[in-house]
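work.csv (CSV, C-alpha atoms)
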```csv
chain,number,residue,atom,x,y,z
A,142,MET,CA,-19.8,5.0,0.7
A,143,ARG,CA,-16.2,4.0,1.3
A,144,TYR,CA,-15.1,0.8,3.1
A,145,PHE,CA,-11.7,0.5,4.7
A,146,LEU,CA,-10.3,-3.1,4.9
A,147,HIS,CA,-7.8,-4.1,7.5
A,148,LEU,CA,-6.1,-7.4,6.5
A,149,SER,CA,-3.1,-9.7,6.5
A,150,TYR,CA,-1.8,-12.2,4.1
A,151,ASN,CA,0.8,-14.9,3.4
A,152,GLY,CA,2.3,-13.8,0.1
A,153,THR,CA,4.0,-17.2,-0.7
A,154,ARG,CA,1.4,-18.2,-3.3
A,155,PHE,CA,0.8,-14.7,-4.7
A,156,SER,CA,2.6,-12.6,-7.3
A,157,GLY,CA,2.3,-9.7,-5.0
A,158,TRP,CA,-0.5,-7.3,-4.1
A,159,GLN,CA,-1.1,-5.7,-7.5
A,160,ILE,CA,-3.1,-7.5,-10.2
A,161,GLN,CA,-0.8,-8.9,-12.9
A,162,PRO,CA,-1.6,-10.9,-16.1
A,163,ASN,CA,-1.4,-14.6,-15.8
A,164,ALA,CA,-0.4,-14.6,-12.1
A,165,PRO,CA,-2.5,-14.7,-8.9
A,166,SER,CA,-2.4,-11.6,-6.7
A,167,VAL,CA,-3.9,-10.5,-3.4
A,168,GLN,CA,-5.8,-7.6,-5.0
A,169,GLU,CA,-7.4,-10.0,-7.5
A,170,ALA,CA,-8.5,-12.4,-4.8
A,171,ILE,CA,-10.1,-9.6,-2.7
A,172,GLU,CA,-11.7,-8.0,-5.7
A,173,GLY,CA,-13.1,-11.3,-6.7
A,174,ALA,CA,-14.6,-11.9,-3.3
A,175,LEU,CA,-16.2,-8.5,-3.1
A,176,SER,CA,-17.6,-8.7,-6.6
A,177,ILE,CA,-19.4,-11.9,-5.6
A,178,LEU,CA,-20.8,-10.4,-2.4
A,179,PHE,CA,-21.9,-7.1,-4.0
A,180,ASN,CA,-22.9,-8.7,-7.3
A,181,GLN,CA,-20.9,-6.1,-9.3
A,182,TYR,CA,-17.2,-5.4,-10.1
A,183,ILE,CA,-15.5,-3.8,-7.1
A,184,HIS,CA,-12.1,-2.0,-7.6
A,185,VAL,CA,-9.9,-2.1,-4.5
A,186,ILE,CA,-7.0,0.3,-3.8
A,187,GLY,CA,-4.3,-0.9,-1.5
A,188,CYS,CA,-1.9,1.0,0.8
A,189,GLY,CA,1.0,-0.1,-1.3
A,190,ARG,CA,2.6,-2.8,-3.4
A,191,THR,CA,4.4,-5.9,-2.2
A,192,ASP,CA,6.6,-8.1,-4.3
A,193,ALA,CA,5.9,-11.7,-5.2
A,194,GLY,CA,6.3,-13.9,-2.1
A,195,VAL,CA,6.4,-10.9,0.3
A,196,HIS,CA,4.0,-11.1,3.3
A,197,ALA,CA,1.8,-8.5,5.1
A,198,ARG,CA,0.9,-8.7,8.7
A,199,ASP,CA,-0.7,-5.3,8.6
A,200,TYR,CA,-2.3,-4.0,5.4
A,201,TYR,CA,-5.1,-1.6,4.5
A,202,ALA,CA,-7.2,-1.2,1.4
A,203,HIS,CA,-10.3,0.8,0.4
A,204,PHE,CA,-13.2,0.6,-2.1
A,205,ASP,CA,-16.4,2.4,-2.8
A,206,VAL,CA,-20.0,0.9,-3.0
A,207,ASP,CA,-23.5,2.3,-3.1
A,208,LYS,CA,-25.0,0.1,-0.3
A,209,PRO,CA,-23.5,-1.4,2.9
A,210,LEU,CA,-23.3,-5.1,3.6
A,211,ASP,CA,-23.6,-6.5,7.1
A,212,HIS,CA,-20.8,-8.8,8.5
A,213,LEU,CA,-18.7,-8.0,5.5
A,214,ALA,CA,-15.4,-9.2,7.0
A,215,TYR,CA,-16.9,-12.5,8.0
A,216,LYS,CA,-18.4,-13.1,4.6
A,217,MET,CA,-15.2,-12.2,2.8
A,218,ASN,CA,-13.2,-14.7,4.9
A,219,ARG,CA,-15.7,-17.4,4.0
A,220,ILE,CA,-14.8,-16.9,0.4
A,221,LEU,CA,-11.1,-16.1,0.5
A,222,SER,CA,-8.4,-18.8,0.9
A,223,GLN,CA,-6.5,-19.4,4.2
A,224,ASP,CA,-3.7,-17.2,2.9
A,225,ILE,CA,-5.8,-14.0,3.4
A,226,ASN,CA,-7.5,-12.8,6.6
A,227,ILE,CA,-9.8,-9.8,6.6
A,228,LYS,CA,-9.5,-8.4,10.2
A,229,SER,CA,-12.1,-5.7,9.8
A,230,ALA,CA,-14.2,-3.9,7.2
A,231,ASP,CA,-15.4,-0.4,8.3
A,232,ILE,CA,-17.2,2.4,6.6
A,233,VAL,CA,-15.1,5.6,6.7
A,234,ASP,CA,-15.0,9.1,5.6
A,235,ASP,CA,-15.1,9.3,1.7
A,236,GLU,CA,-11.9,11.2,1.6
A,237,LEU,CA,-9.8,8.7,3.5
A,238,HIS,CA,-7.3,7.0,1.1
A,239,ALA,CA,-5.5,3.8,1.9
A,240,ARG,CA,-2.4,4.7,0.0
A,241,PHE,CA,-2.0,8.5,0.1
A,242,ASP,CA,-3.1,9.0,3.8
A,243,ALA,CA,-0.7,6.4,5.1
A,244,GLN,CA,1.9,8.2,7.2
A,245,SER,CA,4.4,5.5,7.8
A,246,ARG,CA,5.2,1.9,6.8
A,247,SER,CA,7.3,-0.6,8.7
A,248,TYR,CA,8.9,-3.8,7.4
A,249,VAL,CA,10.6,-6.6,9.2
A,250,TYR,CA,13.0,-9.1,7.5
A,251,ARG,CA,13.7,-12.3,9.4
A,252,ILE,CA,16.7,-14.5,9.1
A,253,THR,CA,17.6,-17.7,10.9
A,254,GLY,CA,20.5,-20.1,11.0
A,255,GLU,CA,18.3,-23.1,11.7
A,256,LYS,CA,16.2,-24.9,9.1
A,257,ASP,CA,12.6,-24.6,10.4
A,258,PRO,CA,9.9,-26.7,8.7
A,259,PHE,CA,7.2,-24.8,10.5
A,260,ARG,CA,8.3,-21.3,9.4
A,261,TYR,CA,10.1,-21.8,6.1
A,262,GLU,CA,7.6,-19.6,4.3
A,263,TRP,CA,8.2,-16.7,6.8
A,264,VAL,CA,11.9,-16.7,7.4
A,265,THR,CA,15.1,-16.9,5.3
A,266,VAL,CA,17.6,-19.6,6.3
A,267,LEU,CA,21.2,-18.5,5.9
A,268,ALA,CA,23.9,-21.1,5.7
A,269,LYS,CA,26.6,-18.6,6.6
A,270,PHE,CA,24.6,-17.2,9.5
A,271,ASP,CA,27.4,-17.8,12.1
A,272,LYS,CA,30.0,-16.0,9.9
A,273,LEU,CA,28.1,-12.7,9.9
A,274,ASP,CA,29.8,-9.7,11.6
A,275,ARG,CA,26.8,-8.3,13.5
A,276,GLU,CA,28.5,-5.1,14.6
A,277,LYS,CA,29.3,-4.1,11.0
A,278,MET,CA,25.7,-5.0,9.9
A,279,GLN,CA,24.3,-2.7,12.5
A,280,GLN,CA,26.7,0.1,11.4
A,281,ALA,CA,25.5,-0.3,7.8
A,282,ALA,CA,21.9,-0.2,8.9
A,283,GLN,CA,22.5,2.9,11.1
A,284,LEU,CA,24.3,4.7,8.2
A,285,LEU,CA,21.1,4.8,6.2
A,286,LEU,CA,19.5,7.1,8.8
A,287,ASN,CA,21.8,9.9,7.6
A,288,TYR,CA,20.4,9.9,4.1
A,289,ASP,CA,17.1,10.5,2.3
A,290,ASP,CA,17.9,9.6,-1.3
A,291,PHE,CA,17.9,5.8,-1.8
A,292,PHE,CA,18.6,5.5,-5.5
A,293,PRO,CA,21.3,2.8,-4.7
A,294,PHE,CA,18.5,0.7,-3.3
A,295,CYS,CA,15.9,1.1,-6.0
A,296,LYS,CA,15.2,-1.9,-8.2
A,297,THR,CA,15.4,-1.0,-11.9
A,298,GLY,CA,12.1,-1.0,-13.8
A,299,GLY,CA,10.1,0.8,-11.1
A,300,ASP,CA,7.8,3.7,-11.7
A,301,ASN,CA,9.1,5.9,-8.9
A,302,LYS,CA,9.1,9.6,-9.7
A,303,THR,CA,11.5,10.3,-6.8
A,304,THR,CA,13.9,8.2,-4.8
A,305,ILE,CA,13.5,10.3,-1.7
A,306,CYS,CA,12.4,8.4,1.5
A,307,HIS,CA,12.4,9.6,5.1
A,308,LEU,CA,13.6,6.8,7.4
A,309,THR,CA,12.7,6.8,11.1
A,310,ARG,CA,14.1,3.4,11.9
A,311,SER,CA,16.8,1.1,10.5
A,312,GLU,CA,18.3,-1.5,12.8
A,313,TRP,CA,19.0,-5.1,13.3
A,314,VAL,CA,17.7,-7.0,16.4
A,315,PHE,CA,19.8,-10.1,17.2
A,316,LEU,CA,18.7,-13.1,19.1
A,317,PRO,CA,21.8,-15.2,19.3
A,318,GLU,CA,20.3,-17.8,21.7
A,319,LYS,CA,17.8,-18.6,18.9
A,320,ARG,CA,20.2,-18.1,16.1
A,321,GLU,CA,17.9,-15.5,14.6
A,322,MET,CA,18.0,-11.9,13.6
A,323,ALA,CA,15.5,-9.4,12.2
A,324,PHE,CA,16.0,-6.2,10.3
A,325,HIS,CA,13.5,-3.4,11.2
A,326,ILE,CA,12.9,-0.5,8.9
A,327,SER,CA,10.3,2.3,8.9
A,328,ALA,CA,9.8,5.2,6.6
A,329,ASP,CA,7.1,7.4,5.0
A,330,ARG,CA,7.5,5.4,1.7
A,331,PHE,CA,9.6,2.8,0.1
A,332,LEU,CA,11.0,2.2,-3.4
A,333,ARG,CA,10.5,-0.9,-5.4
A,334,GLY,CA,12.6,-3.7,-4.0
A,335,MET,CA,14.3,-1.3,-1.5
A,336,VAL,CA,14.1,-3.3,1.7
A,337,ARG,CA,15.4,-6.5,0.1
A,338,LEU,CA,18.3,-4.7,-1.4
A,339,ILE,CA,19.1,-3.0,1.9
A,340,VAL,CA,19.1,-6.4,3.7
A,341,GLY,CA,21.3,-7.8,0.9
A,342,MET,CA,23.7,-5.0,1.4
A,343,CYS,CA,23.9,-5.5,5.1
A,344,LEU,CA,24.5,-9.2,4.6
A,345,ASN,CA,27.3,-8.5,2.2
A,346,VAL,CA,28.8,-6.1,4.7
A,347,GLY,CA,28.5,-8.7,7.4
A,348,LEU,CA,30.2,-11.3,5.3
A,349,GLY,CA,33.0,-8.9,4.3
A,350,LYS,CA,32.1,-8.8,0.7
A,351,ILE,CA,31.8,-5.0,0.7
A,352,THR,CA,32.8,-2.3,3.2
A,353,ILE,CA,30.7,0.4,4.9
A,354,ASP,CA,32.9,2.9,3.1
A,355,GLN,CA,31.7,1.5,-0.2
A,356,VAL,CA,28.1,1.8,0.9
A,357,GLN,CA,28.6,5.4,2.0
A,358,LEU,CA,30.3,6.2,-1.3
A,359,ALA,CA,27.3,4.8,-3.2
A,360,LEU,CA,24.8,6.8,-1.1
A,361,ASP,CA,26.9,10.0,-1.5
A,362,ASN,CA,27.2,9.7,-5.2
A,363,LYS,CA,23.7,8.1,-5.8
A,364,THR,CA,25.2,5.1,-7.6
A,365,ARG,CA,24.6,1.4,-7.3
A,366,VAL,CA,26.2,-0.5,-4.5
A,367,ASP,CA,28.9,-2.9,-5.4
A,368,LYS,CA,27.9,-6.6,-5.5
A,369,SER,CA,24.2,-5.6,-5.2
A,370,LEU,CA,22.2,-8.4,-3.6
A,371,SER,CA,18.4,-8.7,-3.2
A,372,ALA,CA,17.5,-10.9,-0.3
A,373,PRO,CA,14.9,-13.6,-0.9
A,374,ALA,CA,11.2,-12.5,-0.6
A,375,ASN,CA,10.0,-15.0,1.9
A,376,GLY,CA,11.8,-13.4,4.9
A,377,LEU,CA,10.1,-10.0,4.3
A,378,ALA,CA,6.8,-8.8,5.8
A,379,LEU,CA,5.0,-5.5,5.8
A,380,ASN,CA,4.6,-5.2,9.6
A,381,LYS,CA,2.7,-2.0,10.3
A,382,ILE,CA,0.9,0.9,8.6
A,383,THR,CA,0.0,4.0,10.5
A,384,TYR,CA,-2.7,6.6,9.8
A,385,SER,CA,-3.0,9.7,11.9
A,386,SER,CA,-6.6,10.2,11.0
A,387,LEU,CA,-8.0,6.7,10.7
A,388,ASN,CA,-9.7,6.5,14.1
A,389,LYS,CA,-11.2,9.9,13.6
A,390,LYS,CA,-12.7,9.0,10.2
A,391,LEU,CA,-14.3,5.7,11.2
A,392,LEU,CA,-18.1,6.3,10.9
```
Mind turning the file's structure into C-alpha cells?
Amino acid sequence: MRYFLHLSYNGTRFSGWQIQPNAPSVQEAIEGALSILFNQYIHVIGCGRTDAGVHARDYYAHFDVDKPLDHLAYKMNRILSQDINIKSADIVDDELHARFDAQSRSYVYRITGEKDPFRYEWVTVLAKFDKLDREKMQQAAQLLLNYDDFFPFCKTGGDNKTTICHLTRSEWVFLPEKREMAFHISADRFLRGMVRLIVGMCLNVGLGKITIDQVQLALDNKTRVDKSLSAPANGLALNKITYSSLNKKLL
C-alpha cells in the first residue's frame, strides 16, 4: 500500500530535501523515522528537491509498505526533530506519485529591511532595502510571464533535461509600512536554483545594476543574465503544492 505524507520543514539545518553524502537531509531524517517504525528500510519519494537552507511550508512525499500503521503521523513526529512536522499520513491509490502528479508548485521569497532576531532563519535582511526601485522590480517579475524557457535562471550542474517551465504567477508584494517585501512565483516545475536566481535578478534591477532590457535580451537569446546573483537560501520557502487528483485518491 502507498502512504502519502503531508509535511513542512525548516531547512536551516539541512542540506536540502535529497539525501547527500556526509550531510543531513530531510529525506534521510524521514526515512530514518519510518525505518524505525516499520522495522525495515523505507524509501521515500518527495514532490521535488529543495536546496540547502531552503524551507517548505507545504511538501508531499510517498512511500510503499506491506502493512499499515495506526497513528503514523503522530508516531513520526515523536521521533523527528522540531524542524520537521508531519501534518498527515494517508493511504492513497497506488498510482498517485508525489513528484509526477504534482500540477503546480509555488514559492515565496521574503525580504526585510529590519534585522529580526525572531525570524532570521526565514527572511533575508537586505541592507540596501530602501534603495530598491520597486516599480522596476515588478516590471522585471512580470516580464518573466512572457517566456517559458528559463535557461538564464538555471544553476549550472543540474540534471534538467529541459529548461521549459510554465509560469502562472510572478510578482512582488510590497509592505512598506513593515519594510518588507515578498516575491511570489508559481509554475508547473522549477529548475535548479531558479527562484533564487530570479530574485537576485530582480534585486539587481531594483538597485540599478542591470536593466530590464538586459534581462529581456538574455531571455530572448537564452544566455546568462549579466551580474548573475543567487539570493540567500534562508528567505525562500516552498509554499504550496497542488494535485488535481489528491482528494479523489485518498482511500
Output as CSV one row per residue of range 201-318 of chain A within 10 Å of range 148-172 of chain A: the closest atom pair and its distance in Å to one decimal place, counting all atoms listed in the file, sorted by chain and residue number ascending.
```
residue,atom,partner,partner_atom,distance
A:Tyr201,CA,A:Leu148,CA,6.2
A:Ala202,CA,A:Leu148,CA,8.1
A:Phe204,CA,A:Glu172,CA,9.4
A:Ala214,CA,A:Leu148,CA,9.5
A:Met217,CA,A:Ile171,CA,7.9
A:Asn218,CA,A:Ile171,CA,9.7
A:Ile220,CA,A:Ile171,CA,9.2
A:Leu221,CA,A:Ala170,CA,7.0
A:Ser222,CA,A:Ala170,CA,8.6
A:Gln223,CA,A:Tyr150,CA,8.6
A:Asp224,CA,A:Asn151,CA,5.1
A:Ile225,CA,A:Tyr150,CA,4.4
A:Asn226,CA,A:Ser149,CA,5.4
A:Ile227,CA,A:Leu148,CA,4.4
A:Lys228,CA,A:Leu148,CA,5.1
A:Ser229,CA,A:Leu148,CA,7.1
A:Ala230,CA,A:Leu148,CA,8.9
A:Glu262,CA,A:Thr153,CA,6.6
A:Trp263,CA,A:Asn151,CA,8.3
```
Which one is closest to Cys306 in chain A: A:Leu332, A:Ala282, A:Val356, A:Leu175? Count all atoms listed in the file.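 The shortest atom-to-atom distance to Cys306 in chain A comes from A:Leu332.
Going from CA of Glu312 in chain A to CA of Ser245 in chain A covers 16.3 Å.
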Counting only C-alpha atoms, the residue of A:Ser247, A:Asn362, A:Ser176, A:Ser369 that sits nearest Lys381 in chain A: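 Checking each candidate against Lys381 in chain A, we get A:Ser247 as the closest.
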From CA of Ala372 in chain A to CA of Ser327 in chain A the spacing works out at 17.6 Å
What gap, in Å, lies between CA of His307 in chain A and CA of His203 in chain A?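 Computing the Euclidean distance for CA of His307 in chain A and CA of His203 in chain A yields 24.8 Å.
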Up to 10 Å from (22.4, -10.1, 17.1) in the file's coordinates: name the residues, counting only C-alpha atoms, as number ranges by chain. A: 273-276, 278-279, 313-323
Got a sec to check which residues sit within 10 Å of (30.6, -7.1, 3.0), counting only C-alpha atoms, and write them as an mmCIF file with C-alpha atoms, keeping the file's coordinate frame?
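So the final result, stored in part.cif, reads:
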```
data_model
loop_
_atom_site.group_PDB
_atom_site.id
_atom_site.type_symbol
_atom_site.label_atom_id
_atom_site.label_comp_id
_atom_site.auth_asym_id
_atom_site.auth_seq_id
_atom_site.Cartn_x
_atom_site.Cartn_y
_atom_site.Cartn_z
ATOM 1 C CA LEU A 273 28.100 -12.700 9.900
ATOM 2 C CA ASP A 274 29.800 -9.700 11.600
ATOM 3 C CA LYS A 277 29.300 -4.100 11.000
ATOM 4 C CA MET A 278 25.700 -5.000 9.900
ATOM 5 C CA ALA A 281 25.500 -0.300 7.800
ATOM 6 C CA GLY A 341 21.300 -7.800 0.900
ATOM 7 C CA MET A 342 23.700 -5.000 1.400
ATOM 8 C CA CYS A 343 23.900 -5.500 5.100
ATOM 9 C CA LEU A 344 24.500 -9.200 4.600
ATOM 10 C CA ASN A 345 27.300 -8.500 2.200
ATOM 11 C CA VAL A 346 28.800 -6.100 4.700
ATOM 12 C CA GLY A 347 28.500 -8.700 7.400
ATOM 13 C CA LEU A 348 30.200 -11.300 5.300
ATOM 14 C CA GLY A 349 33.000 -8.900 4.300
ATOM 15 C CA LYS A 350 32.100 -8.800 0.700
ATOM 16 C CA ILE A 351 31.800 -5.000 0.700
ATOM 17 C CA THR A 352 32.800 -2.300 3.200
ATOM 18 C CA ILE A 353 30.700 0.400 4.900
ATOM 19 C CA GLN A 355 31.700 1.500 -0.200
ATOM 20 C CA VAL A 356 28.100 1.800 0.900
ATOM 21 C CA ASP A 367 28.900 -2.900 -5.400
ATOM 22 C CA LYS A 368 27.900 -6.600 -5.500
#
```
